[in-house]
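For reference, the structure is listed below as structure tokens.
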Amino acid sequence: MNVVIMGPPGVGKGTQAAGLVASHGVVHVSTGDILRSAVQEGSELGRQAAALMAAGELVPDHLMMGIIKDRLQRPDVSGGWLLDGFPRTEPQADGLLALLDEIGQRIDGVLVLDAPDDEIVRRLAGRLTCRACGHVTTSRGADGPPAACPACGADALYVRDDDSEQTIRHRLEVFRERTWPAAERLGERCALTRIDGRGTPDEVQQRIAGVLR
Ligand code: AMP
């Protein structure tokens, strides 16, 4: 099964992706994670992407296409992939469709999660990410900010550079202006379902399961 999960930043794509990896055995391909690793490693790609990412801007399409062309042709994803964070622009959507035609693959479903901007800002402004395992948690739990990652126990929780309120609002604008048209473009060729991203992760997971069943 090859699935694309789309939606504004902070709507819960990463959390739902982890659930789908567990339930459907797909490989999670997150372009945001790939870019953050490149920045951490200090590679040429990382150097080109770092400032854009911190400002909530998109990394140029040609760099993103290069990443995705390489990633989707590696043997580990041959049993199915879950694309998260790509495509984010119409040229990326067209490029993805052309690439899949070329390599004889197809998209089985596009899931678009959405939630109101205010809910997203509230969620993201308290988001903590684990540098060791990528787990996402909140600084606003009933017991206050956790000291260590609740998933792997590492003392590596941090606030992403692009999770400040001003940058979040800008990323939401970028999503509405540039990524919605990309979703619509995919919807012309593939089965696309809009899913309500409000509520708990379990509630959203149930909605997704209903669509994929
Ligand atoms: P994410 O983790 O998906 O929220 O991505 C974090 C940041 O990485 C985004 O705000 C962009 O700066 C960059 N990024 C990730 N995926 C893409 C993409 N497909 N096209 C352009 N920029 C991207």
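Every chain in the structure tokens has a letter given in the order shown (A, B, ...), and although residue numbers restart at 1 in each chain, ligands are simply numbered from 1 in the order shown.
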Please extract the residues at most 10 Å from ligand 1, counting only C-alpha atoms and all ligand atoms, and provide them as number ranges by chain, using the chain letters and residue numbers of this document.
-> A: 6-11, 13-14, 30-36, 49-65, 67-68, 83-89, 92-93, 160-163, 167-168, 170-172, 174-175, 178-179
Suppose we keep C-alpha atoms; can you now write the selection as an mmCIF file, in the first residue's frame?
```
data_model
loop_
_atom_site.group_PDB
_atom_site.id
_atom_site.type_symbol
_atom_site.label_atom_id
_atom_site.label_comp_id
_atom_site.auth_asym_id
_atom_site.auth_seq_id
_atom_site.Cartn_x
_atom_site.Cartn_y
_atom_site.Cartn_z
ATOM 1 C CA MET A 6 -1.184 15.635 3.884
ATOM 2 C CA GLY A 7 -2.376 18.452 6.112
ATOM 3 C CA PRO A 8 -1.211 21.633 7.811
ATOM 4 C CA PRO A 9 1.770 21.505 10.183
ATOM 5 C CA GLY A 10 0.746 20.267 13.613
ATOM 6 C CA VAL A 11 -2.455 18.559 12.509
ATOM 7 C CA LYS A 13 0.400 13.710 10.463
ATOM 8 C CA GLY A 14 3.486 12.347 12.208
ATOM 9 C CA SER A 30 8.920 12.129 6.070
ATOM 10 C CA THR A 31 10.677 14.810 4.062
ATOM 11 C CA GLY A 32 10.800 17.025 7.183
ATOM 12 C CA ASP A 33 12.690 14.252 9.047
ATOM 13 C CA ILE A 34 15.054 13.741 6.088
ATOM 14 C CA LEU A 35 15.804 17.477 5.998
ATOM 15 C CA ARG A 36 16.284 17.736 9.782
ATOM 16 C CA ALA A 49 17.706 23.962 3.841
ATOM 17 C CA ALA A 50 18.446 25.164 7.399
ATOM 18 C CA ALA A 51 17.550 28.854 7.185
ATOM 19 C CA LEU A 52 14.463 28.210 5.044
ATOM 20 C CA MET A 53 13.177 25.627 7.495
ATOM 21 C CA ALA A 54 13.745 27.850 10.527
ATOM 22 C CA ALA A 55 11.730 30.611 8.819
ATOM 23 C CA GLY A 56 8.883 28.255 7.888
ATOM 24 C CA GLU A 57 9.622 28.628 4.159
ATOM 25 C CA LEU A 58 9.614 25.787 1.671
ATOM 26 C CA VAL A 59 12.818 24.200 0.432
ATOM 27 C CA PRO A 60 13.074 24.539 -3.406
ATOM 28 C CA ASP A 61 11.196 21.971 -5.482
ATOM 29 C CA HIS A 62 14.240 20.677 -7.363
ATOM 30 C CA LEU A 63 15.991 19.734 -4.107
ATOM 31 C CA MET A 64 12.839 18.039 -2.806
ATOM 32 C CA MET A 65 12.328 16.093 -6.036
ATOM 33 C CA ILE A 67 15.295 13.575 -2.278
ATOM 34 C CA ILE A 68 12.068 11.815 -3.177
ATOM 35 C CA LEU A 83 4.661 9.868 2.305
ATOM 36 C CA ASP A 84 4.424 12.607 4.944
ATOM 37 C CA GLY A 85 5.280 16.220 4.102
ATOM 38 C CA PHE A 86 5.536 15.669 0.357
ATOM 39 C CA PRO A 87 4.232 16.973 -2.006
ATOM 40 C CA ARG A 88 3.871 20.506 -0.705
ATOM 41 C CA THR A 89 3.531 22.403 -4.025
ATOM 42 C CA GLN A 92 6.019 18.582 -6.503
ATOM 43 C CA ALA A 93 2.630 16.883 -7.002
ATOM 44 C CA ARG A 160 11.785 22.925 16.989
ATOM 45 C CA ASP A 161 13.100 26.257 15.613
ATOM 46 C CA ASP A 162 9.980 26.530 13.475
ATOM 47 C CA ASP A 163 7.498 25.991 16.325
ATOM 48 C CA THR A 167 6.476 30.923 12.309
ATOM 49 C CA ILE A 168 3.573 28.528 12.857
ATOM 50 C CA HIS A 170 3.372 31.636 8.480
ATOM 51 C CA ARG A 171 3.627 27.875 7.866
ATOM 52 C CA LEU A 172 -0.172 27.654 7.985
ATOM 53 C CA VAL A 174 2.131 28.566 3.189
ATOM 54 C CA PHE A 175 0.072 25.399 3.579
ATOM 55 C CA ARG A 178 0.758 26.308 -1.816
ATOM 56 C CA THR A 179 -0.033 22.880 -0.448
#
```
Identify, with DSSP run on backbone atoms, the residues in range 80-165 of chain A assigned to strand (DSSP E), and express the list as a list of chain:residue names.
->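 Taking range 80-165 of chain A and keeping strand (DSSP E) gives A:Trp81, A:Leu82, A:Leu83, A:Asp84, A:Gly109, A:Val110, A:Leu111, A:Val112, A:Leu113, A:Asp114, A:Arg127, A:Leu128, A:Thr129, A:Cys130, A:Val136, A:Thr137, A:Thr138, A:Leu157, A:Tyr158.
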Atom pair CA of Asp155 in chain A + CA of Ser139 in chain A, distance 14.1 Å
Leaving out range 198-212 of chain A and any residue of its chain fewer than 3 positions from it, which residues lie within 12 Å of it when counting only C-alpha atoms, given as number ranges by chain?
-> A: 1-3, 5, 10-20, 22-24, 108-120, 123, 137, 191-195
Using only N, CA and C atoms, please write the residues we just selected to a file, as a short mmCIF file (atom, residue, chain, number, x, y, z; two decimals), in the first residue's frame.
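The file below, selection-v4.cif, is the result:
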```cif
data_model
loop_
_atom_site.label_atom_id
_atom_site.label_comp_id
_atom_site.auth_asym_id
_atom_site.auth_seq_id
_atom_site.Cartn_x
_atom_site.Cartn_y
_atom_site.Cartn_z
N MET A 1 0.84 -1.19 0.00
CA MET A 1 0.00 0.00 0.00
C MET A 1 0.88 1.25 0.00
N ASN A 2 0.60 2.16 -0.91
CA ASN A 2 1.31 3.44 -0.95
C ASN A 2 0.33 4.56 -0.65
N VAL A 3 0.62 5.29 0.42
CA VAL A 3 -0.32 6.32 0.87
C VAL A 3 0.40 7.65 1.04
N ILE A 5 0.00 11.21 3.14
CA ILE A 5 -0.75 11.89 4.20
C ILE A 5 -0.39 13.37 4.13
N GLY A 10 1.34 20.36 12.28
CA GLY A 10 0.75 20.27 13.61
C GLY A 10 -0.62 19.62 13.65
N VAL A 11 -1.12 19.15 12.51
CA VAL A 11 -2.45 18.56 12.51
C VAL A 11 -2.40 17.12 13.02
N GLY A 12 -1.18 16.57 13.12
CA GLY A 12 -1.05 15.21 13.66
C GLY A 12 -0.62 14.19 12.63
N LYS A 13 -0.03 14.65 11.52
CA LYS A 13 0.40 13.71 10.46
C LYS A 13 1.43 12.71 10.99
N GLY A 14 2.41 13.22 11.72
CA GLY A 14 3.49 12.35 12.21
C GLY A 14 2.94 11.29 13.16
N THR A 15 2.06 11.71 14.06
CA THR A 15 1.47 10.78 15.03
C THR A 15 0.67 9.72 14.31
N GLN A 16 -0.15 10.13 13.35
CA GLN A 16 -0.97 9.16 12.63
C GLN A 16 -0.09 8.27 11.76
N ALA A 17 0.99 8.84 11.23
CA ALA A 17 1.89 8.05 10.39
C ALA A 17 2.47 6.91 11.21
N ALA A 18 2.85 7.20 12.46
CA ALA A 18 3.43 6.14 13.31
C ALA A 18 2.41 5.01 13.49
N GLY A 19 1.15 5.36 13.65
CA GLY A 19 0.10 4.34 13.81
C GLY A 19 -0.04 3.51 12.55
N LEU A 20 0.05 4.15 11.39
CA LEU A 20 -0.11 3.42 10.12
C LEU A 20 1.08 2.51 9.84
N ALA A 22 2.68 0.96 12.13
CA ALA A 22 2.45 -0.21 12.99
C ALA A 22 1.32 -1.08 12.43
N SER A 23 0.24 -0.46 11.94
CA SER A 23 -0.92 -1.27 11.54
C SER A 23 -0.81 -1.81 10.11
N HIS A 24 -0.12 -1.11 9.22
CA HIS A 24 -0.10 -1.52 7.82
C HIS A 24 1.29 -1.90 7.30
N ASP A 108 -2.19 4.59 -3.62
CA ASP A 108 -3.46 3.92 -3.35
C ASP A 108 -4.46 4.85 -2.65
N GLY A 109 -3.96 5.85 -1.96
CA GLY A 109 -4.88 6.77 -1.30
C GLY A 109 -4.15 8.01 -0.81
N VAL A 110 -4.88 9.12 -0.82
CA VAL A 110 -4.35 10.38 -0.27
C VAL A 110 -5.26 10.76 0.89
N LEU A 111 -4.67 10.92 2.07
CA LEU A 111 -5.44 11.31 3.25
C LEU A 111 -5.10 12.76 3.57
N VAL A 112 -6.10 13.62 3.64
CA VAL A 112 -5.83 15.02 3.98
C VAL A 112 -6.47 15.32 5.33
N LEU A 113 -5.61 15.52 6.33
CA LEU A 113 -6.10 15.85 7.68
C LEU A 113 -6.24 17.36 7.78
N ASP A 114 -7.28 17.83 8.45
CA ASP A 114 -7.39 19.28 8.63
C ASP A 114 -8.00 19.60 9.99
N ALA A 115 -7.66 20.78 10.50
CA ALA A 115 -8.20 21.27 11.77
C ALA A 115 -8.12 22.79 11.74
N PRO A 116 -8.92 23.48 12.55
CA PRO A 116 -8.89 24.95 12.54
C PRO A 116 -7.52 25.49 12.99
N ASP A 117 -7.13 26.63 12.40
CA ASP A 117 -5.80 27.21 12.69
C ASP A 117 -5.56 27.40 14.19
N ASP A 118 -6.57 27.88 14.92
CA ASP A 118 -6.34 28.17 16.34
C ASP A 118 -5.99 26.91 17.12
N GLU A 119 -6.64 25.81 16.75
CA GLU A 119 -6.33 24.55 17.44
C GLU A 119 -4.90 24.12 17.13
N ILE A 120 -4.50 24.32 15.86
CA ILE A 120 -3.14 23.94 15.45
C ILE A 120 -2.09 24.78 16.18
N ARG A 123 -1.76 23.59 19.70
CA ARG A 123 -1.03 22.31 19.82
C ARG A 123 0.47 22.51 19.59
N THR A 137 5.82 15.14 21.86
CA THR A 137 4.98 15.20 23.05
C THR A 137 4.67 16.67 23.36
N ALA A 191 -7.53 8.57 -5.30
CA ALA A 191 -8.62 8.66 -4.34
C ALA A 191 -8.16 9.54 -3.17
N LEU A 192 -8.84 10.67 -2.96
CA LEU A 192 -8.45 11.59 -1.89
C LEU A 192 -9.59 11.70 -0.88
N THR A 193 -9.25 11.58 0.40
CA THR A 193 -10.27 11.69 1.45
C THR A 193 -9.85 12.76 2.45
N ARG A 194 -10.76 13.66 2.75
CA ARG A 194 -10.49 14.66 3.79
C ARG A 194 -10.93 14.09 5.13
N ILE A 195 -10.08 14.26 6.12
CA ILE A 195 -10.35 13.68 7.44
C ILE A 195 -10.27 14.78 8.49
#
```
Find the distance between CA of His135 in chain A and CA of Val29 in chain A and write it in Å to one decimal.
-> 15.0 Å
Neighbour list for range 125-134 of chain A as a VMD selection string, cut-off 7 Å, only C-alpha atoms, skip fewer than 4 positions in-chain = chain A and resid 121 138 to 140 149 152 154 156 to 160 163 to 165
Keeping only N, CA, C and O atoms, take the residues you just selected and write them out as a JSON list (two decimals), in the first residue's frame.
```json
[["chain", "number", "residue", "atom", "x", "y", "z"],
["A", 121, "VAL", "N", -2.34, 26.08, 16.26],
["A", 121, "VAL", "CA", -1.36, 26.96, 16.94],
["A", 121, "VAL", "C", -1.24, 26.55, 18.40],
["A", 121, "VAL", "O", -0.14, 26.44, 18.95],
["A", 138, "THR", "N", 4.04, 16.94, 24.49],
["A", 138, "THR", "CA", 3.65, 18.32, 24.77],
["A", 138, "THR", "C", 4.26, 18.79, 26.09],
["A", 138, "THR", "O", 4.46, 17.99, 27.01],
["A", 139, "SER", "N", 4.53, 20.11, 26.14],
["A", 139, "SER", "CA", 5.05, 20.68, 27.38],
["A", 139, "SER", "C", 3.89, 21.04, 28.31],
["A", 139, "SER", "O", 4.09, 21.53, 29.40],
["A", 140, "ARG", "N", 2.65, 20.82, 27.82],
["A", 140, "ARG", "CA", 1.50, 21.30, 28.58],
["A", 140, "ARG", "C", 0.65, 20.18, 29.17],
["A", 140, "ARG", "O", -0.56, 20.33, 29.30],
["A", 149, "CYS", "N", 12.24, 12.03, 27.25],
["A", 149, "CYS", "CA", 11.31, 11.56, 26.23],
["A", 149, "CYS", "C", 10.47, 10.39, 26.78],
["A", 149, "CYS", "O", 11.04, 9.38, 27.22],
["A", 152, "CYS", "N", 11.44, 7.02, 24.51],
["A", 152, "CYS", "CA", 12.72, 6.31, 24.56],
["A", 152, "CYS", "C", 13.54, 6.63, 25.81],
["A", 152, "CYS", "O", 14.59, 6.04, 26.03],
["A", 154, "ALA", "N", 15.29, 9.22, 26.47],
["A", 154, "ALA", "CA", 16.48, 10.08, 26.29],
["A", 154, "ALA", "C", 16.19, 11.49, 26.83],
["A", 154, "ALA", "O", 15.07, 11.98, 26.77],
["A", 156, "ALA", "N", 16.44, 14.34, 25.61],
["A", 156, "ALA", "CA", 16.72, 14.98, 24.30],
["A", 156, "ALA", "C", 15.51, 15.72, 23.75],
["A", 156, "ALA", "O", 15.40, 15.92, 22.54],
["A", 157, "LEU", "N", 14.59, 16.15, 24.62],
["A", 157, "LEU", "CA", 13.42, 16.88, 24.12],
["A", 157, "LEU", "C", 13.80, 18.32, 23.82],
["A", 157, "LEU", "O", 14.53, 18.95, 24.58],
["A", 158, "TYR", "N", 13.33, 18.83, 22.68],
["A", 158, "TYR", "CA", 13.63, 20.22, 22.33],
["A", 158, "TYR", "C", 12.44, 20.83, 21.58],
["A", 158, "TYR", "O", 11.57, 20.11, 21.09],
["A", 159, "VAL", "N", 12.43, 22.17, 21.53],
["A", 159, "VAL", "CA", 11.39, 22.88, 20.78],
["A", 159, "VAL", "C", 11.96, 23.16, 19.40],
["A", 159, "VAL", "O", 13.04, 23.77, 19.27],
["A", 160, "ARG", "N", 11.29, 22.69, 18.35],
["A", 160, "ARG", "CA", 11.79, 22.93, 16.99],
["A", 160, "ARG", "C", 11.87, 24.43, 16.70],
["A", 160, "ARG", "O", 11.00, 25.18, 17.14],
["A", 163, "ASP", "N", 8.73, 26.11, 15.54],
["A", 163, "ASP", "CA", 7.50, 25.99, 16.33],
["A", 163, "ASP", "C", 7.19, 27.24, 17.17],
["A", 163, "ASP", "O", 6.48, 27.16, 18.16],
["A", 164, "SER", "N", 7.69, 28.42, 16.78],
["A", 164, "SER", "CA", 7.28, 29.65, 17.46],
["A", 164, "SER", "C", 5.95, 30.09, 16.85],
["A", 164, "SER", "O", 5.66, 29.76, 15.69],
["A", 165, "GLU", "N", 5.13, 30.83, 17.62],
["A", 165, "GLU", "CA", 3.78, 31.14, 17.12],
["A", 165, "GLU", "C", 3.81, 31.87, 15.78],
["A", 165, "GLU", "O", 3.05, 31.55, 14.87]]
```
Counting only C-alpha atoms, the option among A:Asp94, A:Glu44, A:Asp196, A:Asp101 closest to Ala182 in chain A |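 For Ala182 in chain A, the nearest of the given residues is A:Asp94.
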